[in-house]
>>> print(open('work_5.cif').read())   # mmCIF, C-alpha atoms and all ligand atoms
data_work
#
loop_
_atom_site.label_atom_id
_atom_site.label_comp_id
_atom_site.auth_asym_id
_atom_site.auth_seq_id
_atom_site.Cartn_x
_atom_site.Cartn_y
_atom_site.Cartn_z
CA MET G 1 -1.54 -3.25 -24.27
CA PRO G 2 0.97 -5.84 -23.05
CA GLU G 3 0.09 -9.54 -23.06
CA PHE G 4 0.89 -11.63 -20.00
CA PRO G 5 1.38 -15.30 -19.16
CA PRO G 6 -1.72 -17.09 -17.76
CA MET G 7 -2.19 -17.14 -13.97
CA LYS G 8 -1.12 -20.28 -12.10
CA ASN G 9 -2.29 -18.91 -8.75
CA ASP G 10 -5.12 -16.38 -8.62
CA LEU G 11 -6.22 -17.21 -5.07
CA LEU G 12 -5.65 -13.63 -3.90
CA LEU G 13 -7.79 -12.15 -6.69
CA ARG G 14 -10.64 -14.56 -5.99
CA ALA G 15 -10.52 -13.82 -2.26
CA ALA G 16 -10.40 -10.06 -2.93
CA ARG G 17 -13.59 -10.35 -4.96
CA GLY G 18 -15.26 -12.01 -1.97
CA GLU G 19 -15.38 -15.53 -3.40
CA LYS G 20 -15.13 -18.67 -1.27
CA VAL G 21 -11.55 -19.98 -1.39
CA GLU G 22 -9.76 -23.18 -0.43
CA ARG G 23 -7.42 -21.36 2.01
CA PRO G 24 -6.62 -17.73 2.85
CA PRO G 25 -4.19 -16.02 0.47
CA MET G 26 -1.24 -14.29 2.13
CA TRP G 27 1.44 -11.69 1.54
CA VAL G 28 2.92 -8.93 3.70
CA MET G 29 3.28 -5.20 3.24
CA ARG G 30 6.90 -4.13 2.58
CA GLN G 31 7.76 -7.76 1.84
CA ALA G 32 10.58 -6.56 -0.44
CA GLY G 33 12.77 -4.74 2.03
CA ARG G 34 15.60 -4.44 4.44
CA TYR G 35 14.96 -7.58 6.51
CA LEU G 36 16.05 -9.62 3.45
CA PRO G 37 19.82 -10.06 2.94
CA GLU G 38 19.23 -10.42 -0.82
CA TYR G 39 17.61 -6.95 -0.80
CA HIS G 40 20.84 -5.34 0.42
CA GLU G 41 22.82 -7.37 -2.07
CA ALA G 42 20.73 -6.40 -5.10
CA LYS G 43 20.39 -2.78 -3.99
CA GLY G 44 24.14 -2.48 -3.51
CA SER G 45 25.19 1.14 -3.49
CA HIS G 46 22.21 2.31 -5.54
CA ASP G 47 20.16 5.09 -4.07
CA PHE G 48 16.59 4.07 -3.06
CA PHE G 49 14.81 6.13 -5.73
CA GLU G 50 17.36 5.01 -8.31
CA CYS G 51 16.14 1.45 -7.60
CA CYS G 52 12.54 2.58 -8.07
CA ARG G 53 13.44 4.21 -11.39
CA SER G 54 15.21 1.16 -12.77
CA PRO G 55 12.60 -1.37 -13.98
CA GLU G 56 15.29 -4.06 -13.89
CA ILE G 57 16.22 -3.45 -10.23
CA ALA G 58 12.63 -2.76 -9.12
CA SER G 59 11.40 -6.03 -10.63
CA THR G 60 14.33 -7.98 -9.17
CA LEU G 61 13.51 -6.63 -5.69
CA THR G 62 9.77 -7.30 -6.14
CA LEU G 63 10.48 -10.93 -6.99
CA GLN G 64 12.84 -11.65 -4.09
CA PRO G 65 10.16 -12.55 -1.53
CA ILE G 66 8.22 -14.45 -4.23
CA ASP G 67 11.25 -16.67 -4.88
CA ARG G 68 12.20 -17.06 -1.24
CA TYR G 69 8.68 -17.95 -0.07
CA ALA G 70 7.62 -19.86 -3.19
CA GLY G 71 4.60 -22.05 -2.51
CA LEU G 72 3.64 -20.01 0.56
CA ILE G 73 3.15 -16.47 -0.68
CA ASP G 74 0.18 -15.50 -2.87
CA GLY G 75 0.78 -11.89 -3.83
CA SER G 76 3.50 -9.48 -4.97
CA ILE G 77 3.61 -5.68 -4.73
CA ILE G 78 5.61 -3.55 -7.10
CA PHE G 79 8.77 -2.13 -5.56
CA SER G 80 8.24 1.63 -5.53
CA ASP G 81 7.21 4.32 -3.06
CA ILE G 82 4.16 6.45 -2.32
CA LEU G 83 6.33 9.57 -2.68
CA VAL G 84 6.71 9.25 -6.44
CA ILE G 85 3.50 11.32 -6.78
CA PRO G 86 4.95 14.39 -5.00
CA GLN G 87 8.02 13.90 -7.19
CA ALA G 88 5.81 13.87 -10.29
CA MET G 89 4.22 17.10 -8.98
CA GLY G 90 7.63 18.73 -9.16
CA MET G 91 8.85 18.31 -5.58
CA GLU G 92 12.29 17.00 -4.75
CA VAL G 93 12.33 13.97 -2.42
CA ILE G 94 15.45 12.17 -1.30
CA MET G 95 15.77 9.03 0.81
CA VAL G 96 18.17 9.59 3.67
CA ASP G 97 19.86 6.43 4.88
CA LYS G 98 18.49 5.27 8.27
CA LYS G 99 16.23 8.34 8.46
CA GLY G 100 13.66 7.99 5.72
CA PRO G 101 12.29 10.38 3.12
CA HIS G 102 13.26 14.06 3.11
CA PHE G 103 11.87 17.00 1.11
CA PRO G 104 14.57 19.72 0.99
CA ASP G 105 11.91 22.26 -0.02
CA PRO G 106 8.55 21.35 1.56
CA LEU G 107 5.34 23.28 0.94
CA MET G 108 5.36 26.07 3.49
CA SER G 109 1.99 27.79 3.27
CA PRO G 110 -0.79 28.40 0.75
CA SER G 111 0.39 31.98 0.34
CA ASP G 112 3.72 30.71 -1.02
CA LYS G 113 4.56 30.80 -4.70
CA GLN G 114 5.19 27.04 -4.61
CA TYR G 115 1.57 26.29 -3.65
CA HIS G 116 0.26 28.22 -6.63
CA GLU G 117 2.78 26.68 -8.97
CA ILE G 118 1.76 23.21 -7.83
CA MET G 119 -1.95 23.97 -8.11
CA GLU G 120 -1.57 25.38 -11.61
CA ARG G 121 0.88 22.85 -12.97
CA ASP G 122 -0.49 20.30 -15.42
CA VAL G 123 1.05 17.14 -14.00
CA ASP G 124 1.49 14.38 -16.56
CA VAL G 125 1.65 11.17 -14.49
CA LYS G 126 1.82 9.15 -17.69
CA GLU G 127 5.13 10.62 -18.67
CA ALA G 128 6.56 11.44 -15.24
CA LEU G 129 5.97 7.96 -13.82
CA ASP G 130 6.63 5.98 -16.97
CA TYR G 131 9.38 4.07 -15.15
CA VAL G 132 6.80 2.63 -12.72
CA TYR G 133 4.64 1.30 -15.57
CA LYS G 134 7.72 -0.21 -17.22
CA ALA G 135 8.68 -1.88 -13.93
CA ILE G 136 5.16 -3.27 -13.55
CA THR G 137 5.08 -4.70 -17.07
CA MET G 138 8.52 -6.28 -16.67
CA THR G 139 7.59 -7.70 -13.26
CA ARG G 140 4.34 -9.19 -14.58
CA GLN G 141 6.36 -10.97 -17.27
CA LYS G 142 8.95 -12.27 -14.82
CA LEU G 143 6.25 -13.42 -12.39
CA ASP G 144 5.01 -15.72 -15.13
CA GLY G 145 1.59 -16.05 -13.49
CA ARG G 146 2.98 -17.33 -10.17
CA VAL G 147 1.08 -14.74 -8.10
CA PRO G 148 -0.90 -11.55 -8.86
CA LEU G 149 0.79 -8.13 -8.74
CA TYR G 150 -0.41 -5.18 -6.65
CA GLY G 151 -0.07 -1.60 -7.84
CA PHE G 152 -0.36 1.11 -5.20
CA CYS G 153 -0.35 4.79 -4.31
CA GLY G 154 -0.40 6.93 -1.19
CA ALA G 155 -3.70 8.41 -0.03
CA PRO G 156 -4.14 12.17 -0.50
CA TRP G 157 -4.08 12.88 3.27
CA THR G 158 -0.83 10.95 3.80
CA LEU G 159 0.80 12.53 0.74
CA LEU G 160 -0.25 16.05 1.80
CA SER G 161 1.30 15.35 5.20
CA TYR G 162 4.65 14.42 3.65
CA MET G 163 4.57 17.36 1.25
CA VAL G 164 4.11 19.95 3.99
CA GLU G 165 6.05 18.25 6.82
CA GLY G 166 8.95 17.52 4.52
CA GLY G 167 9.38 13.98 5.86
CA GLY G 168 8.43 11.83 8.80
CA THR G 169 7.20 13.61 11.92
CA LYS G 170 5.85 12.90 15.38
CA MET G 171 4.16 16.27 15.89
CA PHE G 172 2.34 16.89 12.61
CA LYS G 173 2.66 20.61 13.29
CA GLN G 174 2.73 21.74 9.66
CA VAL G 175 -0.06 19.60 8.32
CA LYS G 176 -2.31 20.39 11.29
CA THR G 177 -1.64 24.07 10.70
CA TRP G 178 -2.67 23.55 7.08
CA ILE G 179 -5.94 21.73 7.66
CA PHE G 180 -7.10 23.81 10.62
CA LYS G 181 -5.93 27.22 9.44
CA TYR G 182 -6.31 26.82 5.69
CA PRO G 183 -8.98 24.14 5.20
CA GLU G 184 -10.10 25.31 1.77
CA GLU G 185 -6.59 25.52 0.31
CA SER G 186 -5.80 22.12 1.86
CA LYS G 187 -8.89 20.58 0.26
CA LYS G 188 -8.01 21.97 -3.16
CA LEU G 189 -4.63 20.31 -2.95
CA LEU G 190 -6.09 17.04 -1.57
CA GLN G 191 -8.47 17.01 -4.54
CA LYS G 192 -5.65 17.60 -6.99
CA ILE G 193 -3.69 14.70 -5.46
CA ALA G 194 -6.78 12.46 -5.58
CA GLU G 195 -7.20 13.12 -9.31
CA LEU G 196 -3.54 12.27 -9.94
CA CYS G 197 -3.94 9.06 -7.90
CA VAL G 198 -6.83 7.90 -10.11
CA GLU G 199 -4.85 8.42 -13.29
CA TYR G 200 -1.70 6.89 -11.80
CA LEU G 201 -3.53 3.78 -10.56
CA ALA G 202 -5.35 3.37 -13.88
CA LEU G 203 -2.05 3.50 -15.76
CA GLN G 204 -0.57 0.93 -13.37
CA VAL G 205 -3.44 -1.40 -14.28
CA VAL G 206 -2.87 -0.77 -18.00
CA ALA G 207 0.77 -1.74 -17.38
CA GLY G 208 -0.21 -5.00 -15.66
CA ALA G 209 -1.22 -4.39 -12.02
CA GLN G 210 -4.02 -6.82 -11.11
CA ILE G 211 -5.21 -5.32 -7.83
CA ILE G 212 -4.45 -1.96 -6.25
CA GLN G 213 -3.94 -0.65 -2.73
CA VAL G 214 -4.21 2.91 -1.40
CA PHE G 215 -1.95 3.48 1.66
CA ASP G 216 -3.27 6.05 4.14
CA SER G 217 -0.44 5.44 6.59
CA TRP G 218 -1.14 8.56 8.63
CA ALA G 219 -4.93 8.30 8.85
CA GLY G 220 -4.62 7.66 12.59
CA GLU G 221 -3.33 11.19 13.17
CA LEU G 222 -6.80 12.55 12.41
CA SER G 223 -9.77 12.64 14.77
CA PRO G 224 -12.89 10.81 13.58
CA THR G 225 -14.38 14.17 12.56
CA SER G 226 -11.24 15.39 10.77
CA PHE G 227 -10.86 12.03 9.01
CA LYS G 228 -14.36 12.49 7.56
CA GLU G 229 -13.38 15.94 6.35
CA PHE G 230 -9.77 15.58 5.18
CA SER G 231 -9.24 11.96 4.28
CA LEU G 232 -12.39 9.96 3.59
CA PRO G 233 -13.78 12.17 0.79
CA TYR G 234 -10.54 11.74 -1.15
CA LEU G 235 -10.30 8.00 -0.53
CA ASN G 236 -13.86 7.87 -1.84
CA TYR G 237 -12.99 9.99 -4.85
CA ILE G 238 -10.35 7.45 -5.85
CA ALA G 239 -12.60 4.40 -5.39
CA ASP G 240 -15.53 6.08 -7.13
CA HIS G 241 -13.57 7.25 -10.17
CA LEU G 242 -10.99 4.53 -10.81
CA PRO G 243 -13.45 1.91 -12.12
CA ASN G 244 -14.91 4.37 -14.64
CA ARG G 245 -11.49 5.50 -15.73
CA LEU G 246 -10.51 1.87 -16.29
CA ARG G 247 -13.64 1.23 -18.37
CA GLU G 248 -12.90 4.33 -20.42
CA MET G 249 -9.45 2.92 -21.11
CA GLY G 250 -10.91 -0.43 -22.17
CA GLN G 251 -9.51 -2.17 -19.08
CA GLU G 252 -11.09 -4.64 -16.72
CA VAL G 253 -11.98 -3.23 -13.32
CA VAL G 254 -9.58 -4.60 -10.69
CA PRO G 255 -10.21 -5.15 -6.96
CA MET G 256 -9.38 -2.12 -4.82
CA THR G 257 -7.92 -2.11 -1.28
CA VAL G 258 -7.79 0.73 1.21
CA PHE G 259 -5.44 0.68 4.20
CA ALA G 260 -6.13 3.55 6.61
CA LYS G 261 -3.67 2.88 9.39
CA GLY G 262 -4.82 3.89 12.86
CA ALA G 263 -8.35 4.79 11.72
CA TRP G 264 -10.07 2.03 13.68
CA TYR G 265 -12.94 4.41 14.39
CA ALA G 266 -13.65 4.63 10.66
CA LEU G 267 -14.15 0.91 9.97
CA ASP G 268 -17.88 1.32 9.39
CA ASP G 269 -17.34 4.25 7.04
CA LEU G 270 -14.61 2.43 5.15
CA CYS G 271 -16.94 -0.54 4.74
CA ASP G 272 -19.44 1.83 3.09
CA THR G 273 -16.94 2.86 0.38
CA ALA G 274 -16.51 1.21 -3.02
CA TYR G 275 -13.25 -0.51 -1.97
CA ASN G 276 -13.48 -4.31 -2.10
CA VAL G 277 -10.86 -4.94 0.57
CA ILE G 278 -10.35 -3.07 3.85
CA GLY G 279 -6.83 -3.27 5.26
CA LEU G 280 -6.70 -3.61 9.06
CA ASP G 281 -3.86 -2.72 11.40
CA TRP G 282 -3.36 -4.55 14.70
CA LEU G 283 -5.51 -2.15 16.71
CA HIS G 284 -8.49 -4.16 15.49
CA SER G 285 -9.69 -7.32 17.12
CA PRO G 286 -9.99 -9.77 14.20
CA LYS G 287 -13.35 -11.10 15.38
CA GLU G 288 -15.01 -7.73 15.84
CA ALA G 289 -13.68 -6.22 12.63
CA TYR G 290 -14.62 -9.32 10.63
CA ALA G 291 -18.19 -9.19 11.92
CA ILE G 292 -18.58 -5.57 10.78
CA ALA G 293 -16.96 -6.18 7.39
CA GLN G 294 -19.00 -9.34 6.73
CA LYS G 295 -22.24 -7.50 7.38
CA LYS G 296 -21.27 -4.99 4.72
CA GLY G 297 -19.96 -7.50 2.21
CA LYS G 298 -16.32 -6.45 2.48
CA VAL G 299 -13.14 -8.51 2.52
CA VAL G 300 -10.53 -7.65 5.18
CA GLN G 301 -6.74 -7.81 4.97
CA GLY G 302 -4.37 -8.00 7.89
CA ASN G 303 -3.65 -7.73 10.71
CA ALA G 304 -0.91 -9.22 12.93
CA ASP G 305 1.26 -6.78 14.87
CA PRO G 306 4.51 -6.81 12.83
CA GLY G 307 6.35 -6.77 16.17
CA VAL G 308 5.17 -10.32 16.84
CA LEU G 309 7.80 -11.44 14.33
CA TYR G 310 10.44 -10.46 16.90
CA GLY G 311 8.76 -12.66 19.51
CA GLY G 312 9.53 -16.17 18.35
CA LYS G 313 7.43 -19.17 17.41
CA GLU G 314 4.96 -19.31 20.27
CA ALA G 315 4.01 -15.67 19.84
CA ILE G 316 3.62 -16.15 16.09
CA THR G 317 1.41 -19.20 16.51
CA ALA G 318 -0.79 -17.36 19.01
CA VAL G 319 -1.38 -14.37 16.73
CA VAL G 320 -2.08 -16.58 13.72
CA LYS G 321 -4.55 -18.62 15.75
CA GLU G 322 -6.40 -15.49 16.82
CA MET G 323 -6.55 -14.31 13.20
CA VAL G 324 -7.70 -17.61 11.72
CA GLU G 325 -10.43 -17.97 14.34
CA GLY G 326 -11.44 -14.31 14.24
CA PHE G 327 -11.48 -14.08 10.46
CA GLY G 328 -14.00 -16.88 10.07
CA GLY G 329 -11.58 -19.77 9.50
CA GLY G 330 -10.00 -18.23 6.41
CA LYS G 331 -12.19 -19.60 3.63
CA GLN G 332 -13.93 -16.34 2.76
CA GLY G 333 -13.44 -12.62 3.28
CA TRP G 334 -9.85 -12.62 4.55
CA ILE G 335 -6.45 -11.93 3.00
CA ALA G 336 -3.77 -12.75 5.58
CA ASN G 337 -1.13 -10.08 6.15
CA LEU G 338 0.57 -8.11 8.89
CA GLY G 339 -1.13 -5.01 10.28
CA HIS G 340 1.58 -2.81 8.74
CA GLY G 341 4.84 -3.25 6.88
CA ILE G 342 7.40 -5.83 7.99
CA THR G 343 10.20 -4.12 9.90
CA PRO G 344 13.99 -4.34 9.55
CA PHE G 345 15.89 -6.98 11.58
CA VAL G 346 13.08 -9.54 11.39
CA ASN G 347 14.58 -12.96 10.72
CA PRO G 348 13.25 -14.04 7.28
CA ASP G 349 12.72 -17.56 8.68
CA ASP G 350 10.28 -16.15 11.22
CA LEU G 351 8.19 -14.71 8.38
CA LYS G 352 8.32 -18.14 6.77
CA PHE G 353 7.03 -19.66 10.00
CA PHE G 354 4.22 -17.04 10.07
CA PHE G 355 3.16 -18.14 6.56
CA GLU G 356 3.44 -21.83 7.45
CA GLU G 357 1.29 -21.36 10.53
CA ILE G 358 -1.41 -19.66 8.48
CA HIS G 359 -1.42 -22.68 6.17
CA ARG G 360 -1.46 -25.15 9.03
CA LEU G 361 -4.08 -23.46 11.20
CA SER G 362 -6.45 -22.64 8.38
CA GLY G 363 -6.74 -26.31 7.61
CA ARG G 364 -4.23 -27.06 4.90
C1 LIG G 401 4.54 5.76 4.33
C2 LIG G 401 5.06 5.01 3.12
C3 LIG G 401 6.25 5.30 2.38
N1 LIG G 401 6.32 4.37 1.36
C4 LIG G 401 5.26 3.52 1.41
C5 LIG G 401 4.42 3.92 2.47
C6 LIG G 401 3.11 3.32 2.80
C7 LIG G 401 3.25 2.07 3.58
C8 LIG G 401 3.63 2.27 4.98
O1 LIG G 401 2.92 2.97 5.72
O2 LIG G 401 4.66 1.70 5.39
C9 LIG G 401 4.93 2.42 0.49
C10 LIG G 401 5.99 1.49 0.10
N2 LIG G 401 7.37 1.66 0.19
C11 LIG G 401 8.00 0.56 -0.30
C12 LIG G 401 7.02 -0.32 -0.78
C13 LIG G 401 7.47 -1.53 -1.58
C14 LIG G 401 6.75 -2.66 -1.82
C15 LIG G 401 6.63 -3.64 -0.66
O3 LIG G 401 5.69 -3.48 0.15
O4 LIG G 401 7.41 -4.61 -0.62
C16 LIG G 401 5.77 0.23 -0.51
C17 LIG G 401 4.40 -0.35 -0.75
C18 LIG G 401 9.45 0.33 -0.36
C19 LIG G 401 10.32 1.02 0.61
N3 LIG G 401 10.24 2.33 1.00
C20 LIG G 401 11.29 2.62 1.84
C21 LIG G 401 12.09 1.46 1.99
C22 LIG G 401 13.39 1.37 2.76
C23 LIG G 401 14.46 1.96 1.92
C24 LIG G 401 15.83 1.55 2.33
O5 LIG G 401 16.36 2.10 3.30
O6 LIG G 401 16.40 0.66 1.64
C25 LIG G 401 11.49 0.46 1.21
C26 LIG G 401 12.00 -0.94 0.97
C27 LIG G 401 11.60 3.94 2.44
C28 LIG G 401 10.46 4.72 2.96
N4 LIG G 401 9.38 5.14 2.24
C29 LIG G 401 8.52 5.81 3.06
C30 LIG G 401 9.09 5.85 4.36
C31 LIG G 401 8.44 6.48 5.57
C32 LIG G 401 10.31 5.20 4.28
C33 LIG G 401 11.35 5.11 5.35
C34 LIG G 401 10.94 4.23 6.47
C35 LIG G 401 11.56 2.89 6.33
O7 LIG G 401 12.73 2.86 6.03
O8 LIG G 401 10.85 1.89 6.54
C36 LIG G 401 7.22 6.38 2.63
#
>>> encode(input="work_5.cif", output="structure tokens", more="lines below")
Ligand SMILES: Cc1c2[nH]c(c1CCC(=O)O)Cc1[nH]c(c(CCC(=O)O)c1C)Cc1[nH]c(c(CCC(=O)O)c1C)Cc1[nH]c(c(C)c1CCC(=O)O)C2
Amino acid sequence: MPEFPPMKNDLLLRAARGEKVERPPMWVMRQAGRYLPEYHEAKGSHDFFECCRSPEIASTLTLQPIDRYAGLIDGSIIFSDILVIPQAMGMEVIMVDKKGPHFPDPLMSPSDKQYHEIMERDVDVKEALDYVYKAITMTRQKLDGRVPLYGFCGAPWTLLSYMVEGGGTKMFKQVKTWIFKYPEESKKLLQKIAELCVEYLALQVVAGAQIIQVFDSWAGELSPTSFKEFSLPYLNYIADHLPNRLREMGQEVVPMTVFAKGAWYALDDLCDTAYNVIGLDWLHSPKEAYAIAQKKGKVVQGNADPGVLYGGKEAITAVVKEMVEGFGGGKQGWIANLGHGITPFVNPDDLKFFFEEIHRLSGR
């Protein structure tokens, strides 16, 4: 097992465990990305997945926001993608410039040969995703204890959606056909993905990830009833099995975060899971969500509308104020973040101002 430099800032890890902290830790989802000029420079003409597969490039990109916002930012997240799991399962995924991910050969129906091949294939996430573990270990070394490093994966529901839709969608025609017409076959595949997620996350921790996050970006496409049937059981499977898997591997159990975007109706249920941190999007009122999470002993993470970063200083100050007040002042139970990933064309200085306002208004 790799050895790492001692932590100089573990604020995020303490907050994630529910401890009282001197100020709220902060980071933002997709903080290594297209809004940063240095991202385009380092990425150059490399293809997106080529960057993910190169530990050198992936760690360089991961560190860019840490260097730029040094002294403000408290967490890093490994540069990778949720779609590396479908790739490990044998599916081809390409990133189309300005369009997003594309599967040339998506899963059509459970009666297809491809479904059976996928269900029967012994997927070795250790070997197939070795490049991610190498990137994590290299990044942990380069971070030199400045901030903790998140590992992550996509939630089974969100990954199933991509695998059958073949990319982004507004209609969700294929995946709705799957869950409503073929619920049993869908559940078998969701379960298979959940098992791969546990192993993948555990190996990320072995490689040096200090906290993990499960992204259920498309949770909000499900009704409350369908969420309970097609997403929650698999989110639970991950949170219930990862700690044991880590113990089996002789690892310390790390804090776990779930981010089910759009599933505001499920906050109570999510607070009843084994996740330590519940990610919130901007559909939640900070005050109301915080009250529910506090009652159940959970930490929350979020939740400013990323679009506020287009709105200038006054808008940023207002949203930060609402968060600091709503999330109990910021000394316990809150990790400051946006309610989803930062979007292209945001001015990096406006993100800096967002961070500075969190410092200022939470009493630092
Ligand atoms: C749904 C999803 C994906 N990937 C991810 C999710 C879950 C989070 C979310 O809901 O936003 C997760 C992800 N993707 C990326 C990260 C990197 C780490 C970080 O947060 O800084 C993380 C955590 C890099 C990326 N992943 C992607 C980029 C942009 C690639 C580029 O054009 O250079 C980055 C930096 C591409 C990607 N990857 C994906 C999409 C839909 C897209 C295209 C949309 C877009 O361009 O924003 C799938």
>>> atom_distance(input="work_5.cif", atom1="CA of Trp157 in chain G", atom2="atom C2 of ligand LIG 401 (chain G)")
12.1 Å
>>> closest_residue(input="work_5.cif", among="G:Glu3, G:Glu325, G:Asp281, G:Glu195", to="Met138 in chain G", atoms="all atoms listed in the file")
G:Glu3
>>> residues_near_ligand(input="work_5.cif", ligand="ligand LIG 401 (chain G)", cutoff="7 Å", atoms="only C-alpha atoms and all ligand atoms", output="list in words")
Met29, Arg30, Gln31, Ala32, Gly33, Arg34, Phe48, Thr62, Ile77, Ile78, Phe79, Ser80, Asp81, Ile82, Leu83, Met95, Asp97, Lys98, Lys99, Gly100, Pro101, Phe152, Gly154, Gly168, Phe215, Ser217, His340, Gly341 and Thr343 of chain G
>>> residues_around(input="work_5.cif", residues="Phe353 in chain G", least_positions_apart="5", cutoff="10 Å", atoms="all atoms listed in the file", output="PyMOL selection string")
chain G and resi 309+312-313+316-317+348+358-359
>>> atom_distance(input="work_5.cif", atom1="CA of Ser54 in chain G", atom2="CA of Ile136 in chain G")
11.0 Å
>>> atom_distance(input="work_5.cif", atom1="CA of Ala209 in chain G", atom2="CA of Tyr150 in chain G")
5.5 Å
